[in-house]
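Working notes, structure below.
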Amino acid sequence: MVSQEEIQAAESRAGGIRSGRAPRRAALPPLVRHLLWALLAFAVVVAVSSVVDPFTNVRVATVGYLLLAAAGLTVLTGLTGQVSLGHGAFLFVGAYTVALLVTHVPSLPFWADLLIAAAVSGVAGVLTGAAAARLHGPYLAGATLALAVGLPAITQRFPDFLGGSNGLGFTVNSMPAGLDVPTTRWQAWVVWATVLLGMVVLANITSGRVGREMRAVRDDEVSAALAGIRVGRTKVLAFLVSAVCGGLAGGLQAFLLGTAAPGSFTPALSLTLLAAVVLGGVGSLWGALWGALALVALQAGAEELAHGLSLRTDVANFLPLAIFGVVLIVVVLVLPQGIHGLLRKIPLRRRKDSHVEG
Amino acid sequence: MLRVQDLATAYGPVRALDGVDLAAEAGVITAVLGANGAGKTTLLRTVSGLAAPNAGTVTFDGEDITGWAPDRIVRRGLAHVPENGGVITELTVADNLRLGGLWRARADRERTRREVLELFPPLAERLDRQAGTLSGGERQMLAIGRALMSGPRAVILDEPSLGLAPMVTARILRVLRELALTVLLVEQNARGALSVATHGYVLSLGRVVADAPAADLLDNDRLRHAYLGF
Amino acid sequence: MPDFLTLTLGGLTNGAIYAALGLALVIIYRATRVVNFAQPALALLCAYLAYSVNRATGGYWLGLLVALVAGGVLGALTERVLMRPLRRSGELAPVIATLGLLMLLQAVSGMIWSAEPKSFPYAFDFRGAFSPAAVFVVVVVLVTAGAVLALFGATTLGLRMRAAAFKPEVASLVGVKVGLMLTIGWTLAAVVGALAGVLAAPPFLSPTVLDAVFVYALTAAVLGGLENPVGTIIGGFGLGVVLSYVSGYVGPELVTLASLAILVLVLTFRPHGLFGRGVARRV
């Protein structure tokens, strides 16, 4: 009972800090501020992508789409408290939508493919959210895990249309005529431009009324309902937002790899995304950035390590997964108050220099 | 018998006990009184090992039991009946009773069980019922009976009268006195507790503010008005 | 088109495995309110150990024994090293920890035994609709479930475990060593899980072979209300049969989605499962 009082006290402290910051926030409209951040970030990406080799550019782009996917999952799990173990399913939908559009409707520009992929996965998100709105905790986790395991199998159902277990390969000619940059650099730009636009939208959503409503639902559904918040709608909205992000991320991944295959969307991918969110700090969009960076860095580090130690292929292939697992366990264990402590402390500490907070 | 010296317990920044000294003498009832939030429950939780003290000692029969795990303390003969009894509602009455003193020899347990059922006849009639179906008084009987099953030398009780009819409370308190166990009794119902107790302590904001024979506490109008509200 | 009887019998065999793995989940969920997402990886590692023993000695039974013992050790270790420090850290932390363990153990299995499927033997001849191997699976699971139920219902150890699960603080006040009960619970669950792993492994064992089985086991456990061993057993067998029909009449690639549909449908109308108590519990 006392611990609850403590939590309440901590929350009121946090509230005080929030309200104390209100005047400084009002200096610039959020949308303008978020756009400025995005422009700055894009400038950094362009600069970085111009000096690194093609291989690293692929990694830069990978950070981008993982960031968007993790940010979407942050909205779902961090803001509304719905733990999804199946976020890879939305990446699957996005990737296959892009692959099918590129293959069957080549006349469409690539940005239209991405928009349609976002819309299709948004529909998938609303359906999932509506089905999941009444599920809590382990029930929701189990249902979303089932989705992650089950959905990629439909490629076997329609092998001609969806390419079976080999998936769909394709090439996109998205580079404007006259622009002469290496393909991977162009890809990194496209990925990051899309991701940053998505992040601006996310930042605006989560720092405004909708974000407050989502946090209220996470903290206490009954109180939220009594305060006039439509709990079910808010939860479905969180699923919609995070599914659109996931779908875009999947579409970008397909664009980057030139293929959409069921093997890319295993349950391990979903768990890895959750690992990124937990590692970065649940509930903050900045956490998604740190998480995405850490995922790619760990993956790269594991590859270097496997190469350096000349490990067997089997060991090398599974090394990243093992590292993610260990990282998850260590993160949970070394923070004495667990993820909730992380959730409440780290955003507070970071709030000094953050503009998108959760 | 049971001695508490300079005991301090805090929940985070909240100091629930702030240097409490008291003693429960063998074979009699010692009452601890005080308003809500005075620290009474924390005192009992610290004595029985559910809460860890920041300072001070708890000695039982001359042995320092400070910081022991609750299951070790009850095996040593000090049973704690928590607030609202702590009956496990999902289990039957018989299973709740069976849980008490599982480490004891079978013959001893059988004997105590017969005694408990004689002491609280309503339990004997409801052995196969879920404990969740019992009335408040029956649950309190079951909780006390379960504590007795461990063959304790001392029992500490948290508000056994809470939510019970005065008749039921009187009956439970009478049984306790007849058993001639060492009893540390926490109560808000000060008049009832003092009428069966030998000695009384009054807690306020985590400190002992009065320490006197029960009869004296009953006679002291100032104290009664200030702390006990009757 | 496979015939109805074959599908039903095959479904019962698969269902027995879902029931066993589901039972492992329920034992832990009852005791700790944690769904052990690491369960499939624990079972996987044990099945691989059985595989290695099989390969080395050529004997099925020694492999099974090694798997069960390994399961118990791993379960106890998981509780002591991983879960115990997290007992007071909220709802999310233990879930994340089991997911981390899932990833780690699955990766370790893949590192040691590679991603290539390994052929894993049946206990008995598996040919025919009502093969000795199938009968063995069903009988072993039923006997195991019966033993677990008897342990919970008819022994003082089971009584202490139930008390520690329902009201840990009260249990400690009446002398129950709650921590020990949790360790025993995790050990028991992991042994049952290891059994399920060995039964699920044939004909081929690979690092992801239990992913889908775990989804079905979790569905079975949820159908049973997550706390009800009997409901989980019935849920497991029922789900096995239904999914077998889906596989036979619709297509094997839709089985997992069908399981998801069943899960969502049941929970929409019965939020605490088919056999769950109606008591609202915040999970």
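Here, A, B, ... name the chains of the structure tokens in the order displayed, residue numbers run from 1 inside each chain, and ligands are numbered from 1 in the same displayed order.
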
Mind dumping a table of every chain C residue within 9 Å of chain A, with the nearest atom pair and its distance in Å to one decimal, using only C-alpha atoms, sorted by chain and rising number, as a Markdown table?
```
| residue | atom | partner | partner_atom | distance |
| --- | --- | --- | --- | --- |
| C:Val34 | CA | A:Pro138 | CA | 8.0 |
| C:Val35 | CA | A:Pro138 | CA | 6.4 |
| C:Leu82 | CA | A:Leu333 | CA | 7.7 |
| C:Pro85 | CA | A:Leu333 | CA | 7.2 |
| C:Leu86 | CA | A:Gly338 | CA | 7.2 |
| C:Arg88 | CA | A:Gln337 | CA | 7.9 |
| C:Ser89 | CA | A:Gly338 | CA | 5.0 |
| C:Gly90 | CA | A:His340 | CA | 6.9 |
| C:Glu91 | CA | A:Gly137 | CA | 8.5 |
| C:Leu92 | CA | A:Ile339 | CA | 6.6 |
| C:Ala93 | CA | A:Ile339 | CA | 5.4 |
| C:Pro94 | CA | A:Val332 | CA | 8.0 |
| C:Val95 | CA | A:Pro138 | CA | 8.7 |
| C:Ile96 | CA | A:Leu328 | CA | 6.8 |
| C:Ala97 | CA | A:Ile329 | CA | 5.1 |
| C:Thr98 | CA | A:Ile329 | CA | 8.0 |
| C:Leu99 | CA | A:Gly325 | CA | 7.3 |
| C:Gly100 | CA | A:Gly325 | CA | 4.0 |
| C:Leu101 | CA | A:Gly325 | CA | 5.9 |
| C:Leu102 | CA | A:Gly325 | CA | 7.2 |
| C:Met103 | CA | A:Gly325 | CA | 4.8 |
| C:Leu104 | CA | A:Ala322 | CA | 4.3 |
| C:Leu105 | CA | A:Ala322 | CA | 7.4 |
| C:Gln106 | CA | A:Ala322 | CA | 7.8 |
| C:Ala107 | CA | A:Phe318 | CA | 5.0 |
| C:Val108 | CA | A:Ala322 | CA | 6.7 |
| C:Ser109 | CA | A:Phe318 | CA | 8.9 |
| C:Gly110 | CA | A:Phe318 | CA | 6.3 |
| C:Met111 | CA | A:Val315 | CA | 4.2 |
| C:Ile112 | CA | A:Val315 | CA | 7.3 |
| C:Trp113 | CA | A:Asp314 | CA | 8.0 |
| C:Ser114 | CA | A:Asp314 | CA | 5.1 |
| C:Ala115 | CA | A:Asp314 | CA | 6.9 |
| C:Asp211 | CA | A:Val149 | CA | 7.2 |
| C:Ala212 | CA | A:Val149 | CA | 6.5 |
| C:Val215 | CA | A:Ala146 | CA | 5.7 |
| C:Tyr216 | CA | A:Ala146 | CA | 8.3 |
| C:Leu218 | CA | A:Gly142 | CA | 6.6 |
| C:Thr219 | CA | A:Gly142 | CA | 7.4 |
| C:Val222 | CA | A:Tyr139 | CA | 7.1 |
| C:Gly251 | CA | A:Arg157 | CA | 7.6 |
| C:Pro252 | CA | A:Arg157 | CA | 8.6 |
| C:Glu253 | CA | A:Ala153 | CA | 5.3 |
| C:Leu254 | CA | A:Ile154 | CA | 6.7 |
| C:Val255 | CA | A:Gly150 | CA | 7.5 |
| C:Thr256 | CA | A:Gly150 | CA | 4.6 |
| C:Leu257 | CA | A:Gly150 | CA | 5.0 |
| C:Ala258 | CA | A:Gly150 | CA | 8.5 |
| C:Ser259 | CA | A:Ala146 | CA | 7.6 |
| C:Leu260 | CA | A:Ala146 | CA | 5.7 |
| C:Ala261 | CA | A:Ala143 | CA | 8.8 |
| C:Leu263 | CA | A:Ala143 | CA | 7.0 |
| C:Val264 | CA | A:Ala131 | CA | 6.6 |
| C:Leu265 | CA | A:Ala131 | CA | 8.5 |
| C:Leu267 | CA | A:Leu135 | CA | 7.4 |
| C:Thr268 | CA | A:Arg134 | CA | 6.9 |
| C:Pro271 | CA | A:Leu135 | CA | 7.5 |
| C:Arg282 | CA | A:His136 | CA | 8.2 |
| C:Val283 | CA | A:Gly137 | CA | 5.5 |
```

Using only C-alpha atoms, which chain C residues lie at most 8 Å away from chain B, written as an mmCIF file with C-alpha atoms, in the first residue's frame?
```cif
data_model
loop_
_atom_site.group_PDB
_atom_site.id
_atom_site.type_symbol
_atom_site.label_atom_id
_atom_site.label_comp_id
_atom_site.auth_asym_id
_atom_site.auth_seq_id
_atom_site.Cartn_x
_atom_site.Cartn_y
_atom_site.Cartn_z
ATOM 1 C CA THR C 156 0.407 -31.137 2.022
ATOM 2 C CA LEU C 159 -1.601 -27.391 -0.097
ATOM 3 C CA ARG C 160 1.421 -25.296 0.798
ATOM 4 C CA ALA C 163 -1.462 -21.285 -0.148
ATOM 5 C CA PHE C 166 -3.108 -17.480 -3.293
ATOM 6 C CA LYS C 167 -1.786 -15.427 -0.359
ATOM 7 C CA GLU C 169 2.141 -13.271 2.973
ATOM 8 C CA VAL C 170 -0.448 -15.238 4.908
ATOM 9 C CA SER C 172 4.535 -17.296 5.298
ATOM 10 C CA LEU C 173 2.778 -16.370 8.555
ATOM 11 C CA VAL C 174 1.566 -19.937 8.988
ATOM 12 C CA GLY C 175 5.056 -21.303 8.387
ATOM 13 C CA VAL C 176 5.109 -21.980 4.648
ATOM 14 C CA LYS C 177 8.456 -21.318 2.997
#
```

Next item on the list: Based on DSSP run over this structure's backbone, return all residues of range 154-309 of chain A in strand (DSSP E or B), as a list in words.
Entry: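 Reading the DSSP output for range 154-309 of chain A, strand (DSSP E or B) covers Leu168, Gly169, Thr259 and Ala260 of chain A.
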
Margin query: Could you tell me how far CA of Ala47 in chain A sits from CA of Ala118 in chain A, in Å to one decimal place?
Written below: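 CA of Ala118 in chain A sits 27.9 Å away from CA of Ala47 in chain A.
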
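For chain B, the residues within 9 Å of chain A are Tyr11, Gly12, Pro13 and Val14 of chain B, with only C-alpha atoms used to measure distance.
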
Notebook entry, point to check: What residues in range 110-349 of chain A get the DSSP label helix (DSSP H, G or I)? Please answer as an MDAnalysis selection string.
Noted result: chainID A and resid 110:132 137:157 159:162 164:166 183:207 209:219 221:226 231:257 262:264 267:280 285:308 313:334 338:349

For range 130-137 of chain B, work out the shell of residues within 12 Å, counting only C-alpha atoms and skipping chain neighbours fewer than 3 positions away, then give it as a CSV table (one decimal) with C-alpha atoms, in the first residue's frame.
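Output (result.csv):
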```csv
chain,number,residue,atom,x,y,z
B,83,GLU,CA,-5.7,-7.8,10.0
B,84,ASN,CA,-9.0,-9.3,8.7
B,85,GLY,CA,-7.6,-12.7,9.6
B,86,GLY,CA,-5.9,-13.5,6.4
B,87,VAL,CA,-8.0,-16.5,5.8
B,88,ILE,CA,-7.3,-18.0,2.4
B,89,THR,CA,-10.7,-17.7,0.9
B,90,GLU,CA,-9.9,-20.0,-2.1
B,91,LEU,CA,-9.3,-23.0,0.3
B,92,THR,CA,-11.7,-24.9,2.4
B,93,VAL,CA,-12.0,-24.3,6.1
B,94,ALA,CA,-10.4,-27.7,6.7
B,95,ASP,CA,-7.4,-26.9,4.4
B,96,ASN,CA,-7.0,-23.5,6.1
B,97,LEU,CA,-6.7,-25.2,9.5
B,120,PHE,CA,-14.9,-22.7,17.9
B,122,PRO,CA,-19.0,-23.1,14.1
B,123,LEU,CA,-15.9,-24.2,12.3
B,125,GLU,CA,-19.8,-27.6,11.1
B,126,ARG,CA,-18.3,-25.9,8.1
B,127,LEU,CA,-15.1,-27.9,7.5
B,140,GLN,CA,-11.7,-14.5,12.6
B,141,MET,CA,-12.3,-17.8,14.5
B,142,LEU,CA,-10.7,-19.7,11.6
B,143,ALA,CA,-7.7,-17.4,11.5
B,144,ILE,CA,-7.2,-17.7,15.3
B,160,PRO,CA,-9.7,-9.2,15.7
B,161,SER,CA,-12.8,-7.1,16.4
B,162,LEU,CA,-12.8,-5.3,13.1
B,163,GLY,CA,-16.2,-5.4,11.5
B,164,LEU,CA,-17.6,-7.9,14.0
B,165,ALA,CA,-20.6,-7.7,16.2
B,166,PRO,CA,-19.7,-6.8,19.9
B,167,MET,CA,-21.0,-10.3,21.0
B,168,VAL,CA,-18.7,-12.1,18.7
B,169,THR,CA,-15.7,-9.9,19.7
B,170,ALA,CA,-16.4,-10.5,23.3
B,171,ARG,CA,-16.5,-14.3,22.7
B,172,ILE,CA,-13.2,-14.3,20.8
B,173,LEU,CA,-11.5,-12.1,23.5
```

Next item on the list: Do a neighbour search on range 213-216 of chain A at 9 Å with only C-alpha atoms, toss out local chain neighbours closer than 4 positions, and write the hits as JSON, numbers by chain.
Entry: {"A": [75, 76, 78, 79, 80, 81, 206, 208, 209, 220, 221, 223, 224, 229, 230, 231, 234, 235, 238, 358]}

Note to self: Nearest residue to Val183 in chain B out of B:Thr59, B:Thr30, B:Thr198, B:Thr9, using only C-alpha atoms?
What the structure shows: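 Comparing B:Thr59, B:Thr30, B:Thr198, B:Thr9 against Val183 in chain B, the winner is B:Thr30.
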
Next item on the list: Please provide as a ChimeraX atom specification all residues within 9 Å of range 71-73 of chain C, with the sequence filter that same-chain residues fewer than 4 positions apart are discarded (counting only C-alpha atoms).
Entry: /C:42-43,45-46,66-67,77-78,184,186-195

Those residues you just picked out, can you put them in a file as a PDB file, in the first residue's frame with N, CA and C atoms?
```
ATOM      1  N   LEU C  42      12.923 -23.306 -22.862  1.00  0.00           N
ATOM      2  CA  LEU C  42      13.370 -24.278 -21.854  1.00  0.00           C
ATOM      3  C   LEU C  42      13.109 -25.689 -22.364  1.00  0.00           C
ATOM      4  N   ALA C  43      11.887 -25.895 -22.886  1.00  0.00           N
ATOM      5  CA  ALA C  43      11.523 -27.216 -23.392  1.00  0.00           C
ATOM      6  C   ALA C  43      12.391 -27.605 -24.589  1.00  0.00           C
ATOM      7  N   LEU C  45      15.484 -26.628 -25.279  1.00  0.00           N
ATOM      8  CA  LEU C  45      16.833 -26.996 -24.853  1.00  0.00           C
ATOM      9  C   LEU C  45      16.837 -28.432 -24.316  1.00  0.00           C
ATOM     10  N   CYS C  46      15.809 -28.768 -23.542  1.00  0.00           N
ATOM     11  CA  CYS C  46      15.720 -30.120 -22.979  1.00  0.00           C
ATOM     12  C   CYS C  46      15.554 -31.158 -24.095  1.00  0.00           C
ATOM     13  N   VAL C  66      17.125 -37.600 -19.128  1.00  0.00           N
ATOM     14  CA  VAL C  66      18.041 -36.457 -19.080  1.00  0.00           C
ATOM     15  C   VAL C  66      17.276 -35.156 -19.313  1.00  0.00           C
ATOM     16  N   ALA C  67      16.349 -35.177 -20.273  1.00  0.00           N
ATOM     17  CA  ALA C  67      15.564 -33.972 -20.567  1.00  0.00           C
ATOM     18  C   ALA C  67      14.764 -33.541 -19.344  1.00  0.00           C
ATOM     19  N   LEU C  77      16.692 -22.969 -11.585  1.00  0.00           N
ATOM     20  CA  LEU C  77      17.654 -21.877 -11.802  1.00  0.00           C
ATOM     21  C   LEU C  77      16.938 -20.602 -12.266  1.00  0.00           C
ATOM     22  N   THR C  78      15.991 -20.780 -13.190  1.00  0.00           N
ATOM     23  CA  THR C  78      15.268 -19.612 -13.691  1.00  0.00           C
ATOM     24  C   THR C  78      14.599 -18.868 -12.547  1.00  0.00           C
ATOM     25  N   ILE C 184       9.929 -24.823  -6.203  1.00  0.00           N
ATOM     26  CA  ILE C 184       9.367 -26.137  -6.526  1.00  0.00           C
ATOM     27  C   ILE C 184       8.381 -26.013  -7.686  1.00  0.00           C
ATOM     28  N   TRP C 186       8.338 -23.783 -10.141  1.00  0.00           N
ATOM     29  CA  TRP C 186       9.056 -23.586 -11.408  1.00  0.00           C
ATOM     30  C   TRP C 186       9.729 -24.886 -11.841  1.00  0.00           C
ATOM     31  N   THR C 187      10.266 -25.614 -10.875  1.00  0.00           N
ATOM     32  CA  THR C 187      10.910 -26.882 -11.204  1.00  0.00           C
ATOM     33  C   THR C 187       9.900 -27.842 -11.818  1.00  0.00           C
ATOM     34  N   LEU C 188       8.779 -27.982 -11.112  1.00  0.00           N
ATOM     35  CA  LEU C 188       7.738 -28.894 -11.579  1.00  0.00           C
ATOM     36  C   LEU C 188       7.262 -28.506 -12.979  1.00  0.00           C
ATOM     37  N   ALA C 189       7.011 -27.197 -13.140  1.00  0.00           N
ATOM     38  CA  ALA C 189       6.512 -26.729 -14.435  1.00  0.00           C
ATOM     39  C   ALA C 189       7.519 -27.018 -15.540  1.00  0.00           C
ATOM     40  N   ALA C 190       8.790 -26.784 -15.251  1.00  0.00           N
ATOM     41  CA  ALA C 190       9.798 -26.977 -16.292  1.00  0.00           C
ATOM     42  C   ALA C 190       9.970 -28.457 -16.623  1.00  0.00           C
ATOM     43  N   VAL C 191       9.768 -29.330 -15.638  1.00  0.00           N
ATOM     44  CA  VAL C 191       9.833 -30.767 -15.927  1.00  0.00           C
ATOM     45  C   VAL C 191       8.684 -31.150 -16.855  1.00  0.00           C
ATOM     46  N   VAL C 192       7.476 -30.663 -16.535  1.00  0.00           N
ATOM     47  CA  VAL C 192       6.330 -30.952 -17.399  1.00  0.00           C
ATOM     48  C   VAL C 192       6.573 -30.369 -18.792  1.00  0.00           C
ATOM     49  N   GLY C 193       7.153 -29.145 -18.829  1.00  0.00           N
ATOM     50  CA  GLY C 193       7.457 -28.508 -20.102  1.00  0.00           C
ATOM     51  C   GLY C 193       8.469 -29.313 -20.904  1.00  0.00           C
ATOM     52  N   ALA C 194       9.492 -29.846 -20.217  1.00  0.00           N
ATOM     53  CA  ALA C 194      10.507 -30.652 -20.901  1.00  0.00           C
ATOM     54  C   ALA C 194       9.875 -31.904 -21.496  1.00  0.00           C
ATOM     55  N   LEU C 195       8.955 -32.506 -20.738  1.00  0.00           N
ATOM     56  CA  LEU C 195       8.238 -33.670 -21.254  1.00  0.00           C
ATOM     57  C   LEU C 195       7.498 -33.301 -22.540  1.00  0.00           C
TER      58      LEU C 195
END
```
